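Here is the structure we will look at.
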Amino acid sequence: MTININKYPLLRLINEPEDLRSMPVSELPAVANELRQYLLACVSQSSGHFASGLGAVELTVALHYVYNTPFDQIIWDVGHQAYPHKILTGRREQIHTIRQLNGLHPFPWREESEYDTLSVGHSSTSISAALGIAIAAEKEKKNRQAVAIIGDGAITAGMAFEALNHAGDLKKNMLVILNDNDMSISENVGALNQHLAKLLSGSVYTSFRESGKKILSGLPPIKELASKAEEHLKGMIAPGTIFEELGFNYIGPIDGHDVQGLVETLKNMRSLKGPQFLHIVTKKGKGYHPAEQDPIGYHAVPKFDLTKSELPSKKPQSPTYSQVFGQWLCDMAKKDDKLMGITPAMREGSGMVKFSREYPKQYFDTAIAEQHAVTLAAGMAIQGLKPVVAIYSTFLQRGYDQLIHDVALQKLPVLFAVDRAGIVGADGPTHQGTFDISFLRFIPNLIVMTPSDENECRQMLYTGHQADLPAVVRYPRGQGPQVDINCEMSLLEIGKANKKRTGQKIAILNFGHLGQFAEKAAETLGASYWDMRFVKPIDQQAIVETAEQHDLLVTVEDNCIQGGAGSAVLEVLAKHKIAKQVLQIGVPDEFVKHGSQAEIYQLLELDEQGILAQINRYQAQ
């Protein structure tokens, strides 16, 4: 893909932020406009995160203009909005490769650029990291600045408030910018707040405020009166009382699309001491009307035509695992009014849109608060409700203590629908669900199920919902092998594997989604094939009998080999004192890079040809 950079006369001059800082401030609106148009052209032809970056263009320009990056350090929360940042920091010509195998990382990534301070992918980490940098900067004594940019969604997480509370107590020099794209500001109010923000961040007001406090420090009644007057004044013109109470100097809300106003405000705030909080209001999808109207639909996009008002329609296809879950949730809710659906801000991704509309009183979105979501479910289960927590594999990591302490330890019947298990694809290492079998299977009282197809997923969800213990059904992103789905729901026997093929010498024991490849490999080899279904409790009888009848056992899983399902098989063999050759096929001991699912399967030899190759190499040794 080639884009003529000469169409962007100012942007083509910016190879790094130092080039941007050499320009007069009067040219920054034109720079922002070119940057937005370039981003539109690139992502529409390459696919990727879209609406968030469009909304952060002016902020990105202003930050790199005011701050001496990379010496001053900017920390982007999550990083969906960081495409403009990548374009301005030496990666303009590579932006079309983003999210592709061997291309730019989908999020800020330390190994990729010195301008990427913190590698990110999960939300709400920026303020904690910025505080750590601010503490180090104070010891360094070189006036290094730390800036955290966090969205209105990410700031709902408990981790963000923990960091705000600590930063307000330590009073280190740092800036937190709240990029608020969920509220609107009329033109007049925006202009007023912009003007007030300049006044509140300016040296005259600041010096008056600080000197006033010193003068009045010996007069408690008058000091208290002055403090209350200031609080009430700021409460009327800048609704930031909660952040002030946490120890921050709050400025805003201001228009996040006025790049010159942002520059002026940031310059003023740069010289202020202590923790600062700037509240800006932006619009997701800014500059592209369809994305402005549907920021969720345009959050991440395939290749599309900018001249058309909608994204390309998808051809009719079999349902994804997320859709299978969403339909099961609705079907089950018809039968059971005690079912409660919980998600930590992943309604669309987890397939819960229909459920949320049809059963609003049984639907709970906890925002980005995975820990709370898990313990909320525990509380519901205590009172006899039947909670179902829909959560991505990598996000369940953030609620791990609650899963152990608040659910499993107390044997509470909570069902976890763990989406995006295994290889996720283009979102890369932060989102690959390759650890959940390992961190789940040794938790007492927990049932762990690994469906190999869509129908099995539906039946396992039903089985887990009916169980009197906490249960997990972990399934991958995207489609399965496209089998027929039985509308009727039936209970599976807990811990019972399913033998689907009898062969000679080699037995393949598959756990989960890779069964579509493993079963074909078994046919090619004339091997026996087991769909193991359950990691915990594991079918020990099936393992023992299979080991006695075959020369080689091959375990297959889309999880890391260390501590995974293959390790569980080895434990069974050791327990029964059976010496047998075992080849474990799974994810190696490394973080899996970004690329399409098919590319990663091939790269890690987890597809049919890869499984065959691994078995043949093992036998040839």
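Residues are referred to by chain and number: the chain letter is A, B, ... according to the order shown in the structure tokens, the number counts from 1 in that chain, and ligands are numbered separately from 1 in the order shown.
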With a cut-off of 8 Å, could you pull out the residues of stretch 383-489 of chain A touching stretch 336-352 of chain A and give me the nearest pair of atoms for each, distance in Å to one decimal, using only C-alpha atoms, ordered by chain and ascending number, as CSV?
```
residue,atom,partner,partner_atom,distance
A:Gly384,CA,A:Lys338,CA,7.8
A:Leu385,CA,A:Lys338,CA,4.9
A:Lys386,CA,A:Leu339,CA,4.6
A:Pro387,CA,A:Met340,CA,4.5
A:Val388,CA,A:Gly341,CA,5.0
A:Val389,CA,A:Ile342,CA,4.8
A:Ala390,CA,A:Thr343,CA,5.2
A:Ile391,CA,A:Thr343,CA,6.2
A:Tyr392,CA,A:Ser350,CA,7.9
A:Asp419,CA,A:Ser350,CA,6.9
```
With the cut-off set at 12 Å and counting only C-alpha atoms, tabulate each residue of stretch 89-186 of chain A with an atom at most that distance from an atom of stretch 31-42 of chain A, showing the nearest atom pair and its distance in Å to one decimal, ordered by chain and increasing number, as JSON lines.
```
{"residue": "A:Arg92", "atom": "CA", "partner": "A:Tyr38", "partner_atom": "CA", "distance": 9.2}
{"residue": "A:Glu93", "atom": "CA", "partner": "A:Cys42", "partner_atom": "CA", "distance": 9.8}
{"residue": "A:Gln94", "atom": "CA", "partner": "A:Cys42", "partner_atom": "CA", "distance": 9.8}
{"residue": "A:Ile95", "atom": "CA", "partner": "A:Cys42", "partner_atom": "CA", "distance": 7.0}
{"residue": "A:His96", "atom": "CA", "partner": "A:Cys42", "partner_atom": "CA", "distance": 5.6}
{"residue": "A:Thr97", "atom": "CA", "partner": "A:Cys42", "partner_atom": "CA", "distance": 9.3}
{"residue": "A:Ile98", "atom": "CA", "partner": "A:Cys42", "partner_atom": "CA", "distance": 9.7}
```
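The shortest atom-to-atom distance to A:Gly422, with only C-alpha atoms taken into account, belongs to A:Phe435 out of A:Tyr65, A:Phe435, A:Phe355, A:Tyr400.
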Quick one: pick out all helix (DSSP H, G or I) residues within stretch 374-620 of chain A from a backbone DSSP run and write them as a VMD selection string. chain A and resid 374 to 382 393 to 408 436 to 440 454 to 466 515 to 525 540 to 549 565 to 575 597 to 603 608 to 620
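Atom pair atom CA of A:Ile177 / atom CA of A:Gly151: separated by 8.3 Å.
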With distances taken over only C-alpha atoms, which residue among A:Ser44, A:Thr463, A:Asn15, A:Ser26 lies nearest A:Tyr298? A:Ser44
Selection near stretch 514-528 of chain A, 9 Å with only C-alpha atoms, sequence-local residues under 2 positions removed, as a ChimeraX atom specification: /A:451-453,480-481,499-512,530-531,546,550,556-558,606-609,611-612
Could you write those residues out with N, CA, C and O atoms, as a compact mmCIF listing (two decimals), in the first residue's frame?
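Written output follows (again-v3.txt):
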```
# COMPACT_ATOMS: atom_id res chain seq x y z
N PRO A 451 -14.33 -26.59 24.92
CA PRO A 451 -15.10 -27.09 23.77
C PRO A 451 -14.27 -27.08 22.49
O PRO A 451 -13.48 -26.17 22.25
N SER A 452 -14.51 -28.11 21.66
CA SER A 452 -13.79 -28.19 20.40
C SER A 452 -14.64 -27.70 19.23
O SER A 452 -14.14 -27.59 18.11
N ASP A 453 -15.92 -27.43 19.48
CA ASP A 453 -16.77 -26.89 18.42
C ASP A 453 -17.90 -26.08 19.05
O ASP A 453 -18.06 -26.03 20.27
N GLY A 480 -15.80 -21.46 14.83
CA GLY A 480 -15.31 -22.81 15.05
C GLY A 480 -15.35 -23.59 13.74
O GLY A 480 -15.38 -23.00 12.66
N PRO A 481 -15.42 -24.90 13.83
CA PRO A 481 -15.43 -25.73 12.61
C PRO A 481 -16.78 -25.74 11.90
O PRO A 481 -16.96 -26.48 10.93
N LYS A 499 -14.15 -40.23 22.98
CA LYS A 499 -13.27 -40.85 21.99
C LYS A 499 -13.97 -40.81 20.63
O LYS A 499 -15.05 -41.36 20.45
N LYS A 500 -13.29 -40.16 19.67
CA LYS A 500 -13.93 -39.96 18.36
C LYS A 500 -13.27 -40.78 17.25
O LYS A 500 -13.81 -40.88 16.15
N ARG A 501 -12.12 -41.37 17.55
CA ARG A 501 -11.45 -42.16 16.51
C ARG A 501 -10.53 -43.19 17.16
O ARG A 501 -9.79 -42.87 18.09
N THR A 502 -10.57 -44.44 16.66
CA THR A 502 -9.68 -45.49 17.15
C THR A 502 -8.61 -45.76 16.10
O THR A 502 -8.92 -45.99 14.93
N GLY A 503 -7.36 -45.71 16.54
CA GLY A 503 -6.25 -45.93 15.63
C GLY A 503 -5.18 -46.80 16.25
O GLY A 503 -5.41 -47.51 17.23
N GLN A 504 -3.97 -46.69 15.69
CA GLN A 504 -2.86 -47.53 16.13
C GLN A 504 -1.67 -46.69 16.57
O GLN A 504 -1.41 -45.62 16.03
N LYS A 505 -0.95 -47.17 17.56
CA LYS A 505 0.34 -46.65 17.99
C LYS A 505 0.30 -45.24 18.59
O LYS A 505 0.86 -44.99 19.63
N ILE A 506 -0.32 -44.30 17.88
CA ILE A 506 -0.35 -42.91 18.34
C ILE A 506 -1.77 -42.54 18.77
O ILE A 506 -2.74 -42.89 18.10
N ALA A 507 -1.87 -41.82 19.88
CA ALA A 507 -3.17 -41.29 20.33
C ALA A 507 -3.02 -39.78 20.54
O ALA A 507 -2.10 -39.33 21.22
N ILE A 508 -3.91 -39.04 19.91
CA ILE A 508 -3.92 -37.57 20.07
C ILE A 508 -5.02 -37.20 21.06
O ILE A 508 -6.19 -37.54 20.85
N LEU A 509 -4.64 -36.51 22.12
CA LEU A 509 -5.58 -36.06 23.15
C LEU A 509 -5.71 -34.54 23.01
O LEU A 509 -4.78 -33.79 23.32
N ASN A 510 -6.85 -34.11 22.50
CA ASN A 510 -7.02 -32.68 22.21
C ASN A 510 -7.87 -31.98 23.27
O ASN A 510 -8.88 -32.52 23.74
N PHE A 511 -7.45 -30.76 23.60
CA PHE A 511 -8.18 -29.94 24.55
C PHE A 511 -8.58 -28.63 23.85
O PHE A 511 -7.78 -27.70 23.74
N GLY A 512 -9.81 -28.58 23.33
CA GLY A 512 -10.31 -27.31 22.83
C GLY A 512 -10.29 -27.10 21.34
O GLY A 512 -10.34 -28.04 20.53
N TRP A 530 -8.93 -38.37 20.78
CA TRP A 530 -9.81 -38.08 21.91
C TRP A 530 -10.11 -36.58 21.97
O TRP A 530 -9.19 -35.76 21.92
N ASP A 531 -11.38 -36.24 22.06
CA ASP A 531 -11.78 -34.87 22.44
C ASP A 531 -11.90 -34.90 23.96
O ASP A 531 -12.89 -35.42 24.51
N THR A 546 -5.69 -45.34 27.36
CA THR A 546 -5.06 -44.96 26.10
C THR A 546 -3.54 -45.17 26.16
O THR A 546 -2.92 -45.64 25.19
N HIS A 550 -1.22 -47.56 23.43
CA HIS A 550 -0.51 -46.82 22.39
C HIS A 550 0.95 -46.59 22.78
O HIS A 550 1.30 -46.60 23.97
N VAL A 556 -2.66 -31.82 22.65
CA VAL A 556 -2.77 -30.61 21.82
C VAL A 556 -3.65 -29.59 22.54
O VAL A 556 -4.75 -29.91 23.00
N GLU A 557 -3.15 -28.36 22.62
CA GLU A 557 -3.90 -27.28 23.28
C GLU A 557 -3.43 -25.94 22.75
O GLU A 557 -2.27 -25.79 22.34
N ASP A 558 -4.31 -24.92 22.78
CA ASP A 558 -3.92 -23.57 22.39
C ASP A 558 -3.63 -22.74 23.64
O ASP A 558 -4.13 -21.63 23.82
N LEU A 606 0.64 -25.05 14.96
CA LEU A 606 -0.55 -25.50 15.67
C LEU A 606 -1.69 -25.86 14.72
O LEU A 606 -2.74 -26.31 15.17
N ASP A 607 -1.48 -25.65 13.41
CA ASP A 607 -2.48 -26.07 12.44
C ASP A 607 -2.24 -27.53 12.07
O ASP A 607 -1.33 -28.18 12.61
N GLU A 608 -3.04 -28.06 11.15
CA GLU A 608 -2.92 -29.48 10.81
C GLU A 608 -1.51 -29.85 10.36
O GLU A 608 -0.92 -30.83 10.86
N GLN A 609 -0.95 -29.09 9.43
CA GLN A 609 0.38 -29.40 8.93
C GLN A 609 1.45 -29.25 10.01
O GLN A 609 2.40 -30.03 10.08
N ILE A 611 0.99 -29.66 13.31
CA ILE A 611 0.86 -30.78 14.25
C ILE A 611 1.51 -32.04 13.66
O ILE A 611 2.26 -32.75 14.35
N LEU A 612 1.26 -32.28 12.39
CA LEU A 612 1.89 -33.42 11.73
C LEU A 612 3.40 -33.30 11.72
O LEU A 612 4.13 -34.28 11.99
```
